[in-house]
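Take a look at the structure below.
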Amino acid sequence: MSTTTSREVVLAKRPRGLPKPGDFEIREVDLPEPGAGEVLLRTVYLSLDPYMRGMMDDTESYDDPVALGEVMVGGTVGEVVASNAGGLAPGDLVETYAGWRDHAIMPGDRVRRIDRNLAPLTTALGVLGMPGLTAYHGLIDVGRPRSDETVFVSAASGAVGATVGQIAKIKGCRVAGCAGSDGKVAYCLDELGFDACFNYKTAGNPADAMRRACPDGIDVYFENVGGVMGRTAFDLLNTHGRVTVCGTISNYNATEVEMVPDELWKFIVKRARMEGFLVTDFEDRHEPARAEMARWIKEGRLTWRETIVDGLENAPTAFNDLFAGRNFGKLIVKVGDDPTA
Ligand SMILES: NC(=O)c1ccc[n+]([C@@H]2O[C@H](COP(=O)([O-])OP(=O)(O)OC[C@H]3O[C@@H](n4cnc5c(N)ncnc54)[C@H](OP(=O)(O)O)[C@@H]3O)[C@@H](O)[C@H]2O)c1
């Protein structure tokens with residue numbers, strides 16, 4: 001077999017604040033042939049996700065940071081080029097965690113074969129992948145909404161938020177949210193069936209906007225952004241309300257710790273529950289969740305939106321779009337030809 005060269009984006013410097021192009025380098029390395037139990041993959045799509053910002057910092061978290069000089073981590077969809085792993089053959093399409101590179105060797109037991117008849121390939125990184133599963137488990141298993149309750153979700157048009165809103169509607173809830181542009185708000189209202197949604201950048205006082213969107217209060221606040229939106233939602237929580245802490249993207253690039261008022265007494269008044277979670281906590285239930293969401297897609301009850309950027313070399317600049325709200329739905333980099341397109 002001829003040598004395969006992989007183009008990789010490595011972390012060159014630890015960013016301070018918003019990452020800059022100079023924080024990354026692109027290098028080329030020759031890959032060995034796959035060993036026993038391994039596959040050689042050609043990356044088709046790379047997922048860009050907010051959590052990657054935390055992986056660039058050398059701080060204690062739920063996972064080790066990316067070491068300087070190492071390939072940036074990330075979920076990918078790839079095509080098997082060569083296989084020494086049972087059950088995987090050239091041409092198979094798989095979801096894995098190969099990182100920001102165009103070829104990779106992965107252990108066969110760390111890839112998931114994708115059923116290409118289920119939905120378009122990109123959904124393996126979006127609504128039927130990590131963000132979709134985050135929405136499903138975060139809402140159903142952590143937030144535990146009952147029908148007729150009000151669910152409020154921030155970053156409502158995003159990969160996680162849009163799925164949360166639609167699942168909450170499927171479960172019979174009243175759904176409200178906020179997003180960062182009028183186009184995103186219209187999408188939530190007109191295409192996703194939200195009952196209320198506002199543009200948090202232009203709505204004025206967030207407490208007034210949230211109260212208008214949730215006249216009966218909030219039973220489940222699905223937190224994606226943190227900061228002022230979360231603190232505002234605490235005030236509107238109904239008795240026994242729940243706050244599902246999924247992410248706090250508004251502070252991922254913060255260089256100083258924000259001093260916030262101590263709002264915890266409100267949880268006593270409301271006998272409320274706040275719980276953080278990681279999508280990986282629910283790994284043993286991903287497959288039934290994915291099957292249920294695939295069924296909702298087939299029934300026309302669950303939809304999604306994607307922003308696809310061309311070229312691995314554009315991943316570092318595209319990544320920052322997540323923090324400026326320039327992505328509309330799941331942000332994906334097209335790294336190589338899609339054999340299903
Ligand atoms: N716990 C877990 O296991 C887990 C797993 C996946 C994701 N997450 C978290 O879920 C959240 C959403 O992730 P996603 O992949 O679905 O991203 P996304 O919503 O598709 O994209 C990020 C969006 O966040 C909004 N945003 C960025 N900066 C903001 C700010 N300062 N204030 C308010 N909104 C801001 C922007 O939308 P607007 O234009 O609307 O402002 C942006 O488009 C993130 O916090 C992420 O870390 C957690």
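In the structure tokens, chains take letters A, B, ... by order of appearance, with residues numbered from 1 within each chain and ligands from 1 in the order shown.
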For the alpha helix (DSSP H) assignment from backbone DSSP, which residues of stretch 24-258 of chain A qualify? Please present them as a PDB file with N, CA and C atoms, in the first residue's frame.
```pdb
ATOM      1  N   TYR A  51     -17.212  23.149  23.012  1.00  0.00           N
ATOM      2  CA  TYR A  51     -16.377  22.553  24.061  1.00  0.00           C
ATOM      3  C   TYR A  51     -14.891  22.572  23.707  1.00  0.00           C
ATOM      4  N   MET A  52     -14.591  22.668  22.385  1.00  0.00           N
ATOM      5  CA  MET A  52     -13.188  22.632  21.955  1.00  0.00           C
ATOM      6  C   MET A  52     -12.389  23.805  22.519  1.00  0.00           C
ATOM      7  N   ARG A  53     -13.100  24.921  22.801  1.00  0.00           N
ATOM      8  CA  ARG A  53     -12.395  26.071  23.367  1.00  0.00           C
ATOM      9  C   ARG A  53     -11.793  25.700  24.725  1.00  0.00           C
ATOM     10  N   GLY A  54     -12.540  24.957  25.534  1.00  0.00           N
ATOM     11  CA  GLY A  54     -12.032  24.528  26.842  1.00  0.00           C
ATOM     12  C   GLY A  54     -10.843  23.581  26.700  1.00  0.00           C
ATOM     13  N   MET A  55     -10.826  22.797  25.637  1.00  0.00           N
ATOM     14  CA  MET A  55      -9.731  21.831  25.441  1.00  0.00           C
ATOM     15  C   MET A  55      -8.422  22.535  25.075  1.00  0.00           C
ATOM     16  N   MET A 130     -23.521  13.930  18.436  1.00  0.00           N
ATOM     17  CA  MET A 130     -23.284  14.418  19.799  1.00  0.00           C
ATOM     18  C   MET A 130     -24.245  15.539  20.226  1.00  0.00           C
ATOM     19  N   PRO A 131     -24.447  16.601  19.402  1.00  0.00           N
ATOM     20  CA  PRO A 131     -25.354  17.675  19.864  1.00  0.00           C
ATOM     21  C   PRO A 131     -26.801  17.208  20.025  1.00  0.00           C
ATOM     22  N   GLY A 132     -27.262  16.371  19.101  1.00  0.00           N
ATOM     23  CA  GLY A 132     -28.636  15.863  19.204  1.00  0.00           C
ATOM     24  C   GLY A 132     -28.810  15.020  20.450  1.00  0.00           C
ATOM     25  N   LEU A 133     -27.835  14.185  20.739  1.00  0.00           N
ATOM     26  CA  LEU A 133     -27.912  13.338  21.933  1.00  0.00           C
ATOM     27  C   LEU A 133     -27.813  14.178  23.203  1.00  0.00           C
ATOM     28  N   THR A 134     -27.056  15.268  23.121  1.00  0.00           N
ATOM     29  CA  THR A 134     -26.975  16.197  24.258  1.00  0.00           C
ATOM     30  C   THR A 134     -28.351  16.783  24.550  1.00  0.00           C
ATOM     31  N   ALA A 135     -29.022  17.209  23.486  1.00  0.00           N
ATOM     32  CA  ALA A 135     -30.367  17.782  23.651  1.00  0.00           C
ATOM     33  C   ALA A 135     -31.324  16.739  24.221  1.00  0.00           C
ATOM     34  N   TYR A 136     -31.276  15.549  23.664  1.00  0.00           N
ATOM     35  CA  TYR A 136     -32.211  14.484  24.060  1.00  0.00           C
ATOM     36  C   TYR A 136     -32.038  14.147  25.549  1.00  0.00           C
ATOM     37  N   HIS A 137     -30.820  13.796  25.932  1.00  0.00           N
ATOM     38  CA  HIS A 137     -30.606  13.358  27.325  1.00  0.00           C
ATOM     39  C   HIS A 137     -30.686  14.537  28.299  1.00  0.00           C
ATOM     40  N   ALA A 159     -27.279  23.979  17.331  1.00  0.00           N
ATOM     41  CA  ALA A 159     -27.336  22.524  17.146  1.00  0.00           C
ATOM     42  C   ALA A 159     -28.054  21.863  18.318  1.00  0.00           C
ATOM     43  N   VAL A 160     -27.707  22.234  19.536  1.00  0.00           N
ATOM     44  CA  VAL A 160     -28.359  21.658  20.717  1.00  0.00           C
ATOM     45  C   VAL A 160     -29.729  22.308  20.924  1.00  0.00           C
ATOM     46  N   GLY A 161     -29.751  23.644  20.925  1.00  0.00           N
ATOM     47  CA  GLY A 161     -30.973  24.365  21.275  1.00  0.00           C
ATOM     48  C   GLY A 161     -32.165  24.044  20.387  1.00  0.00           C
ATOM     49  N   ALA A 162     -31.938  23.986  19.083  1.00  0.00           N
ATOM     50  CA  ALA A 162     -33.046  23.715  18.156  1.00  0.00           C
ATOM     51  C   ALA A 162     -33.619  22.324  18.401  1.00  0.00           C
ATOM     52  N   THR A 163     -32.752  21.388  18.752  1.00  0.00           N
ATOM     53  CA  THR A 163     -33.215  20.016  19.006  1.00  0.00           C
ATOM     54  C   THR A 163     -33.964  19.960  20.333  1.00  0.00           C
ATOM     55  N   VAL A 164     -33.458  20.679  21.337  1.00  0.00           N
ATOM     56  CA  VAL A 164     -34.172  20.752  22.631  1.00  0.00           C
ATOM     57  C   VAL A 164     -35.589  21.264  22.414  1.00  0.00           C
ATOM     58  N   GLY A 165     -35.704  22.372  21.679  1.00  0.00           N
ATOM     59  CA  GLY A 165     -37.020  22.982  21.469  1.00  0.00           C
ATOM     60  C   GLY A 165     -37.988  22.023  20.787  1.00  0.00           C
ATOM     61  N   GLN A 166     -37.495  21.329  19.768  1.00  0.00           N
ATOM     62  CA  GLN A 166     -38.393  20.427  19.023  1.00  0.00           C
ATOM     63  C   GLN A 166     -38.786  19.203  19.862  1.00  0.00           C
ATOM     64  N   ILE A 167     -37.836  18.682  20.627  1.00  0.00           N
ATOM     65  CA  ILE A 167     -38.181  17.517  21.467  1.00  0.00           C
ATOM     66  C   ILE A 167     -39.178  17.946  22.540  1.00  0.00           C
ATOM     67  N   ALA A 168     -38.980  19.140  23.087  1.00  0.00           N
ATOM     68  CA  ALA A 168     -39.918  19.624  24.105  1.00  0.00           C
ATOM     69  C   ALA A 168     -41.319  19.760  23.512  1.00  0.00           C
ATOM     70  N   LYS A 169     -41.403  20.218  22.259  1.00  0.00           N
ATOM     71  CA  LYS A 169     -42.732  20.300  21.612  1.00  0.00           C
ATOM     72  C   LYS A 169     -43.315  18.897  21.433  1.00  0.00           C
ATOM     73  N   ILE A 170     -42.475  17.951  21.000  1.00  0.00           N
ATOM     74  CA  ILE A 170     -42.953  16.573  20.811  1.00  0.00           C
ATOM     75  C   ILE A 170     -43.496  16.032  22.133  1.00  0.00           C
ATOM     76  N   ASP A 182     -32.707  38.189  14.150  1.00  0.00           N
ATOM     77  CA  ASP A 182     -34.130  38.079  13.803  1.00  0.00           C
ATOM     78  C   ASP A 182     -34.376  36.857  12.921  1.00  0.00           C
ATOM     79  N   GLY A 183     -33.410  36.531  12.067  1.00  0.00           N
ATOM     80  CA  GLY A 183     -33.554  35.351  11.207  1.00  0.00           C
ATOM     81  C   GLY A 183     -33.617  34.078  12.029  1.00  0.00           C
ATOM     82  N   LYS A 184     -32.798  34.001  13.065  1.00  0.00           N
ATOM     83  CA  LYS A 184     -32.798  32.822  13.928  1.00  0.00           C
ATOM     84  C   LYS A 184     -34.118  32.735  14.716  1.00  0.00           C
ATOM     85  N   VAL A 185     -34.596  33.891  15.174  1.00  0.00           N
ATOM     86  CA  VAL A 185     -35.871  33.918  15.912  1.00  0.00           C
ATOM     87  C   VAL A 185     -37.002  33.440  14.998  1.00  0.00           C
ATOM     88  N   ALA A 186     -37.023  33.938  13.759  1.00  0.00           N
ATOM     89  CA  ALA A 186     -38.081  33.541  12.815  1.00  0.00           C
ATOM     90  C   ALA A 186     -38.019  32.034  12.552  1.00  0.00           C
ATOM     91  N   PRO A 206     -33.620  42.003  29.485  1.00  0.00           N
ATOM     92  CA  PRO A 206     -33.821  40.559  29.331  1.00  0.00           C
ATOM     93  C   PRO A 206     -34.931  40.009  30.221  1.00  0.00           C
ATOM     94  N   ALA A 207     -35.101  40.593  31.419  1.00  0.00           N
ATOM     95  CA  ALA A 207     -36.141  40.088  32.327  1.00  0.00           C
ATOM     96  C   ALA A 207     -37.530  40.320  31.728  1.00  0.00           C
ATOM     97  N   ASP A 208     -37.723  41.510  31.143  1.00  0.00           N
ATOM     98  CA  ASP A 208     -39.030  41.807  30.527  1.00  0.00           C
ATOM     99  C   ASP A 208     -39.271  40.887  29.338  1.00  0.00           C
ATOM    100  N   ALA A 209     -38.245  40.703  28.514  1.00  0.00           N
ATOM    101  CA  ALA A 209     -38.401  39.869  27.312  1.00  0.00           C
ATOM    102  C   ALA A 209     -38.717  38.427  27.702  1.00  0.00           C
ATOM    103  N   MET A 210     -38.032  37.950  28.728  1.00  0.00           N
ATOM    104  CA  MET A 210     -38.253  36.557  29.144  1.00  0.00           C
ATOM    105  C   MET A 210     -39.639  36.401  29.779  1.00  0.00           C
ATOM    106  N   ARG A 211     -40.050  37.405  30.512  1.00  0.00           N
ATOM    107  CA  ARG A 211     -41.376  37.329  31.149  1.00  0.00           C
ATOM    108  C   ARG A 211     -42.484  37.330  30.084  1.00  0.00           C
ATOM    109  N   ARG A 212     -42.289  38.154  29.041  1.00  0.00           N
ATOM    110  CA  ARG A 212     -43.281  38.169  27.949  1.00  0.00           C
ATOM    111  C   ARG A 212     -43.328  36.804  27.253  1.00  0.00           C
ATOM    112  N   ALA A 213     -42.154  36.179  27.118  1.00  0.00           N
ATOM    113  CA  ALA A 213     -42.092  34.883  26.416  1.00  0.00           C
ATOM    114  C   ALA A 213     -42.638  33.748  27.288  1.00  0.00           C
ATOM    115  N   VAL A 228     -25.964  36.581  31.881  1.00  0.00           N
ATOM    116  CA  VAL A 228     -27.178  37.300  32.279  1.00  0.00           C
ATOM    117  C   VAL A 228     -28.456  36.504  31.988  1.00  0.00           C
ATOM    118  N   MET A 229     -28.444  35.712  30.919  1.00  0.00           N
ATOM    119  CA  MET A 229     -29.668  34.998  30.550  1.00  0.00           C
ATOM    120  C   MET A 229     -30.039  33.981  31.639  1.00  0.00           C
ATOM    121  N   GLY A 230     -29.044  33.265  32.117  1.00  0.00           N
ATOM    122  CA  GLY A 230     -29.294  32.279  33.161  1.00  0.00           C
ATOM    123  C   GLY A 230     -29.796  32.939  34.433  1.00  0.00           C
ATOM    124  N   ARG A 231     -29.147  34.010  34.825  1.00  0.00           N
ATOM    125  CA  ARG A 231     -29.529  34.666  36.080  1.00  0.00           C
ATOM    126  C   ARG A 231     -30.947  35.229  35.979  1.00  0.00           C
ATOM    127  N   THR A 232     -31.298  35.672  34.777  1.00  0.00           N
ATOM    128  CA  THR A 232     -32.656  36.182  34.564  1.00  0.00           C
ATOM    129  C   THR A 232     -33.670  35.054  34.702  1.00  0.00           C
ATOM    130  N   ALA A 233     -33.316  33.903  34.149  1.00  0.00           N
ATOM    131  CA  ALA A 233     -34.252  32.761  34.175  1.00  0.00           C
ATOM    132  C   ALA A 233     -34.514  32.295  35.608  1.00  0.00           C
ATOM    133  N   PHE A 234     -33.507  32.395  36.487  1.00  0.00           N
ATOM    134  CA  PHE A 234     -33.709  31.940  37.876  1.00  0.00           C
ATOM    135  C   PHE A 234     -34.934  32.619  38.501  1.00  0.00           C
ATOM    136  N   ASP A 235     -35.096  33.909  38.180  1.00  0.00           N
ATOM    137  CA  ASP A 235     -36.199  34.690  38.751  1.00  0.00           C
ATOM    138  C   ASP A 235     -37.559  34.183  38.304  1.00  0.00           C
ATOM    139  N   LEU A 236     -37.589  33.601  37.099  1.00  0.00           N
ATOM    140  CA  LEU A 236     -38.877  33.178  36.538  1.00  0.00           C
ATOM    141  C   LEU A 236     -39.175  31.711  36.787  1.00  0.00           C
TER     142      LEU A 236
END
```
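Close contacts of A:Ala156, defined as residues with an atom at most 7 Å away when counting only C-alpha atoms, with chain neighbours fewer than 2 positions off set aside, comprise A:Val153, A:Ser154, A:Gly158, A:Gly161, A:Ala162, A:Gly177, A:Cys178, A:Ala179.
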How would the residues just picked look written out with all heavy atoms as a PDB file, in the first residue's frame?
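Written output follows (out_14.pdb):
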```pdb
ATOM      1  N   VAL A 153     -35.189  27.630  26.334  1.00  0.00           N
ATOM      2  CA  VAL A 153     -33.836  27.232  25.921  1.00  0.00           C
ATOM      3  C   VAL A 153     -33.109  28.439  25.335  1.00  0.00           C
ATOM      4  O   VAL A 153     -33.665  29.180  24.521  1.00  0.00           O
ATOM      5  CB  VAL A 153     -33.889  26.032  24.929  1.00  0.00           C
ATOM      6  CG1 VAL A 153     -34.714  26.340  23.687  1.00  0.00           C
ATOM      7  CG2 VAL A 153     -32.480  25.573  24.539  1.00  0.00           C
ATOM      8  N   SER A 154     -31.862  28.647  25.785  1.00  0.00           N
ATOM      9  CA  SER A 154     -31.043  29.719  25.212  1.00  0.00           C
ATOM     10  C   SER A 154     -30.225  29.140  24.046  1.00  0.00           C
ATOM     11  O   SER A 154     -30.093  27.929  23.915  1.00  0.00           O
ATOM     12  CB  SER A 154     -30.138  30.328  26.292  1.00  0.00           C
ATOM     13  OG  SER A 154     -29.494  29.330  27.046  1.00  0.00           O
ATOM     14  N   GLY A 158     -29.455  26.916  17.730  1.00  0.00           N
ATOM     15  CA  GLY A 158     -28.198  26.187  17.530  1.00  0.00           C
ATOM     16  C   GLY A 158     -28.396  24.682  17.457  1.00  0.00           C
ATOM     17  O   GLY A 158     -29.532  24.176  17.532  1.00  0.00           O
ATOM     18  N   GLY A 161     -29.751  23.644  20.925  1.00  0.00           N
ATOM     19  CA  GLY A 161     -30.973  24.365  21.275  1.00  0.00           C
ATOM     20  C   GLY A 161     -32.165  24.044  20.387  1.00  0.00           C
ATOM     21  O   GLY A 161     -33.285  23.841  20.881  1.00  0.00           O
ATOM     22  N   ALA A 162     -31.938  23.986  19.083  1.00  0.00           N
ATOM     23  CA  ALA A 162     -33.046  23.715  18.156  1.00  0.00           C
ATOM     24  C   ALA A 162     -33.619  22.324  18.401  1.00  0.00           C
ATOM     25  O   ALA A 162     -34.827  22.102  18.280  1.00  0.00           O
ATOM     26  CB  ALA A 162     -32.554  23.845  16.718  1.00  0.00           C
ATOM     27  N   GLY A 177     -37.696  30.505  23.766  1.00  0.00           N
ATOM     28  CA  GLY A 177     -36.243  30.563  23.683  1.00  0.00           C
ATOM     29  C   GLY A 177     -35.761  31.931  23.293  1.00  0.00           C
ATOM     30  O   GLY A 177     -36.558  32.855  23.076  1.00  0.00           O
ATOM     31  N   CYS A 178     -34.434  32.065  23.205  1.00  0.00           N
ATOM     32  CA  CYS A 178     -33.847  33.303  22.714  1.00  0.00           C
ATOM     33  C   CYS A 178     -32.711  32.961  21.768  1.00  0.00           C
ATOM     34  O   CYS A 178     -32.088  31.891  21.884  1.00  0.00           O
ATOM     35  CB  CYS A 178     -33.354  34.189  23.862  1.00  0.00           C
ATOM     36  SG  CYS A 178     -32.068  33.448  24.867  1.00  0.00           S
ATOM     37  N   ALA A 179     -32.474  33.858  20.818  1.00  0.00           N
ATOM     38  CA  ALA A 179     -31.411  33.658  19.833  1.00  0.00           C
ATOM     39  C   ALA A 179     -30.870  35.024  19.439  1.00  0.00           C
ATOM     40  O   ALA A 179     -31.456  36.055  19.784  1.00  0.00           O
ATOM     41  CB  ALA A 179     -31.956  32.900  18.629  1.00  0.00           C
TER      42      ALA A 179
END
```
>> Using only C-alpha atoms and all ligand atoms, can you tell me which of A:Val175, A:Leu11, A:Leu237, A:Leu278 comes closest to ligand 1?
In response: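 So, comparing all the options, the nearest one is A:Leu278.
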>> Residues contacting ligand 1 - anything with an atom at most 6 Å away, using only C-alpha atoms and all ligand atoms - can you give me those as a VMD selection string?
In response: chain A and resid 49 to 51 131 134 155 158 to 161 179 to 181 224 to 225 246 to 250 277 to 279 322 to 327 329 to 330
> DSSP on the backbone: what in stretch 74-219 of chain A comes out strand (DSSP E or B), as a PyMOL selection string?
Replying inline: chain A and resi 76-83+93-96+101+103-107+112-113+150-153+174-179+196-199+218-219
Can you write just those residues out, C-alpha atoms, as a PDB file, in the first residue's frame?
```pdb
ATOM      1  CA  THR A  76     -15.544  13.383  12.494  1.00  0.00           C
ATOM      2  CA  VAL A  77     -17.299  11.418   9.808  1.00  0.00           C
ATOM      3  CA  GLY A  78     -14.854   9.376   7.775  1.00  0.00           C
ATOM      4  CA  GLU A  79     -14.671   6.783   5.019  1.00  0.00           C
ATOM      5  CA  VAL A  80     -12.731   3.585   5.648  1.00  0.00           C
ATOM      6  CA  VAL A  81      -9.801   3.458   3.214  1.00  0.00           C
ATOM      7  CA  ALA A  82      -8.117   0.329   4.577  1.00  0.00           C
ATOM      8  CA  SER A  83      -9.129  -1.986   7.383  1.00  0.00           C
ATOM      9  CA  LEU A  93     -18.776   5.369   6.556  1.00  0.00           C
ATOM     10  CA  VAL A  94     -18.121   5.868  10.247  1.00  0.00           C
ATOM     11  CA  GLU A  95     -18.426   8.431  13.014  1.00  0.00           C
ATOM     12  CA  THR A  96     -15.423   8.747  15.282  1.00  0.00           C
ATOM     13  CA  ARG A 101      -7.060  16.140  10.188  1.00  0.00           C
ATOM     14  CA  HIS A 103      -6.654  11.147   7.396  1.00  0.00           C
ATOM     15  CA  ALA A 104      -6.293   9.153  10.588  1.00  0.00           C
ATOM     16  CA  ILE A 105      -5.658   5.690  11.901  1.00  0.00           C
ATOM     17  CA  MET A 106      -8.196   4.707  14.535  1.00  0.00           C
ATOM     18  CA  PRO A 107      -8.868   1.564  16.561  1.00  0.00           C
ATOM     19  CA  ARG A 112     -19.379   3.777  14.903  1.00  0.00           C
ATOM     20  CA  ARG A 113     -20.630   2.629  11.539  1.00  0.00           C
ATOM     21  CA  THR A 150     -42.832  25.567  29.985  1.00  0.00           C
ATOM     22  CA  VAL A 151     -39.308  24.894  28.696  1.00  0.00           C
ATOM     23  CA  PHE A 152     -37.020  27.836  27.934  1.00  0.00           C
ATOM     24  CA  VAL A 153     -33.836  27.232  25.921  1.00  0.00           C
ATOM     25  CA  ARG A 174     -44.821  25.018  25.831  1.00  0.00           C
ATOM     26  CA  VAL A 175     -41.475  26.123  24.366  1.00  0.00           C
ATOM     27  CA  ALA A 176     -39.768  29.490  24.461  1.00  0.00           C
ATOM     28  CA  GLY A 177     -36.243  30.563  23.683  1.00  0.00           C
ATOM     29  CA  CYS A 178     -33.847  33.303  22.714  1.00  0.00           C
ATOM     30  CA  ALA A 179     -31.411  33.658  19.833  1.00  0.00           C
ATOM     31  CA  ALA A 196     -42.253  32.291  21.767  1.00  0.00           C
ATOM     32  CA  CYS A 197     -38.736  33.435  20.943  1.00  0.00           C
ATOM     33  CA  PHE A 198     -36.881  36.761  21.121  1.00  0.00           C
ATOM     34  CA  ASN A 199     -33.657  38.307  19.862  1.00  0.00           C
ATOM     35  CA  ILE A 218     -40.378  28.581  33.521  1.00  0.00           C
ATOM     36  CA  ASP A 219     -40.434  24.936  34.596  1.00  0.00           C
TER      37      ASP A 219
END
```
>> Excluding A:Gly74 and its own-chain neighbours fewer than 6 positions away, which residues fall within 8 Å of it when counting only C-alpha atoms? Please give them as a PyMOL selection string.
In response: chain A and resi 46-49+52+97-100
Could those selected residues go to a file with N, CA and C atoms, as a PDB file, in the first residue's frame?
```
ATOM      1  N   LEU A  46     -15.762  17.319   9.543  1.00  0.00           N
ATOM      2  CA  LEU A  46     -15.258  17.587  10.900  1.00  0.00           C
ATOM      3  C   LEU A  46     -16.276  18.469  11.614  1.00  0.00           C
ATOM      4  N   SER A  47     -16.616  18.104  12.826  1.00  0.00           N
ATOM      5  CA  SER A  47     -17.541  18.888  13.639  1.00  0.00           C
ATOM      6  C   SER A  47     -16.759  19.959  14.407  1.00  0.00           C
ATOM      7  N   LEU A  48     -17.265  21.199  14.408  1.00  0.00           N
ATOM      8  CA  LEU A  48     -16.698  22.244  15.273  1.00  0.00           C
ATOM      9  C   LEU A  48     -17.696  22.527  16.384  1.00  0.00           C
ATOM     10  N   ASP A  49     -17.229  22.429  17.618  1.00  0.00           N
ATOM     11  CA  ASP A  49     -18.124  22.526  18.780  1.00  0.00           C
ATOM     12  C   ASP A  49     -17.540  23.449  19.838  1.00  0.00           C
ATOM     13  N   MET A  52     -14.591  22.668  22.385  1.00  0.00           N
ATOM     14  CA  MET A  52     -13.188  22.632  21.955  1.00  0.00           C
ATOM     15  C   MET A  52     -12.389  23.805  22.519  1.00  0.00           C
ATOM     16  N   TYR A  97     -13.764  10.053  16.476  1.00  0.00           N
ATOM     17  CA  TYR A  97     -13.231  11.239  17.136  1.00  0.00           C
ATOM     18  C   TYR A  97     -11.786  11.398  16.649  1.00  0.00           C
ATOM     19  N   ALA A  98     -11.659  11.603  15.327  1.00  0.00           N
ATOM     20  CA  ALA A  98     -10.314  11.594  14.722  1.00  0.00           C
ATOM     21  C   ALA A  98      -9.607  12.933  14.840  1.00  0.00           C
ATOM     22  N   GLY A  99     -10.350  14.021  15.116  1.00  0.00           N
ATOM     23  CA  GLY A  99      -9.700  15.319  15.271  1.00  0.00           C
ATOM     24  C   GLY A  99      -9.589  16.082  13.962  1.00  0.00           C
ATOM     25  N   TRP A 100      -8.889  17.234  14.045  1.00  0.00           N
ATOM     26  CA  TRP A 100      -8.818  18.170  12.910  1.00  0.00           C
ATOM     27  C   TRP A 100      -7.747  17.690  11.928  1.00  0.00           C
TER      28      TRP A 100
END
```
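Between atom CA of A:Glu287 and atom CA of A:Leu118 the separation is 13.1 Å.
Atom CA of A:Lys171 sits 11.3 Å away from atom CA of A:Arg301.
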> Mind pulling up the distance from atom CA of A:Thr317 to atom CA of A:Leu121?
Replying inline: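 So the two atoms, atom CA of A:Leu121 and atom CA of A:Thr317, lie 23.5 Å apart.
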Neighbouring residues of A:Val10 were defined as those with any atom within 7 Å, considering only C-alpha atoms; residues of the same chain fewer than 2 positions away were excluded. Please report them as a compact mmCIF listing (two decimals) with all heavy atoms, in the first residue's frame.
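This went into around_37.txt:
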```txt
# COMPACT_ATOMS: atom_id res chain seq x y z
N GLU A 8 -2.84 17.98 9.13
CA GLU A 8 -3.40 18.09 10.48
C GLU A 8 -3.32 19.53 10.98
O GLU A 8 -2.36 20.24 10.69
CB GLU A 8 -2.58 17.23 11.45
CG GLU A 8 -2.34 15.82 10.96
CD GLU A 8 -1.56 14.96 11.94
OE1 GLU A 8 -0.72 15.50 12.70
OE2 GLU A 8 -1.81 13.76 11.93
N ALA A 12 -0.81 25.28 18.45
CA ALA A 12 0.56 25.79 18.56
C ALA A 12 0.75 26.63 19.82
O ALA A 12 1.83 26.65 20.40
CB ALA A 12 0.90 26.62 17.32
N PHE A 24 -2.76 28.22 15.90
CA PHE A 24 -2.80 26.89 15.26
C PHE A 24 -1.72 26.82 14.18
O PHE A 24 -1.30 27.83 13.64
CB PHE A 24 -4.17 26.65 14.60
CG PHE A 24 -5.33 26.84 15.53
CD1 PHE A 24 -5.97 28.07 15.65
CD2 PHE A 24 -5.79 25.77 16.31
CE1 PHE A 24 -7.03 28.24 16.52
CE2 PHE A 24 -6.85 25.94 17.18
CZ PHE A 24 -7.48 27.18 17.29
N GLU A 25 -1.29 25.60 13.87
CA GLU A 25 -0.39 25.38 12.74
C GLU A 25 -0.91 24.20 11.94
O GLU A 25 -1.52 23.29 12.51
CB GLU A 25 1.03 25.06 13.23
CG GLU A 25 1.83 26.29 13.58
CD GLU A 25 3.15 25.95 14.27
OE1 GLU A 25 3.55 24.76 14.25
OE2 GLU A 25 3.74 26.87 14.85
N ILE A 26 -0.63 24.22 10.65
CA ILE A 26 -1.00 23.07 9.83
C ILE A 26 0.28 22.33 9.47
O ILE A 26 1.28 22.95 9.09
CB ILE A 26 -1.74 23.53 8.55
CG1 ILE A 26 -3.07 24.18 8.95
CG2 ILE A 26 -1.98 22.35 7.62
CD1 ILE A 26 -3.98 24.57 7.83
N GLY A 69 1.28 21.36 20.26
CA GLY A 69 1.88 20.55 19.21
C GLY A 69 1.07 19.32 18.82
O GLY A 69 1.42 18.60 17.89
N GLU A 70 -0.04 19.10 19.55
CA GLU A 70 -0.89 17.94 19.24
C GLU A 70 -2.06 18.36 18.35
O GLU A 70 -2.47 19.53 18.33
CB GLU A 70 -1.43 17.31 20.52
CG GLU A 70 -0.39 16.50 21.28
CD GLU A 70 0.17 15.33 20.46
OE1 GLU A 70 -0.62 14.63 19.81
OE2 GLU A 70 1.41 15.18 20.46
N VAL A 71 -2.62 17.36 17.67
CA VAL A 71 -3.76 17.61 16.79
C VAL A 71 -4.98 18.02 17.62
O VAL A 71 -5.26 17.42 18.66
CB VAL A 71 -4.11 16.33 16.00
CG1 VAL A 71 -5.30 16.58 15.07
CG2 VAL A 71 -2.91 15.83 15.22
N MET A 72 -5.70 19.05 17.15
CA MET A 72 -6.95 19.44 17.83
C MET A 72 -7.94 18.28 17.77
O MET A 72 -8.07 17.61 16.75
CB MET A 72 -7.58 20.66 17.12
CG MET A 72 -7.08 22.00 17.62
SD MET A 72 -7.35 22.23 19.40
CE MET A 72 -9.13 22.02 19.52
```
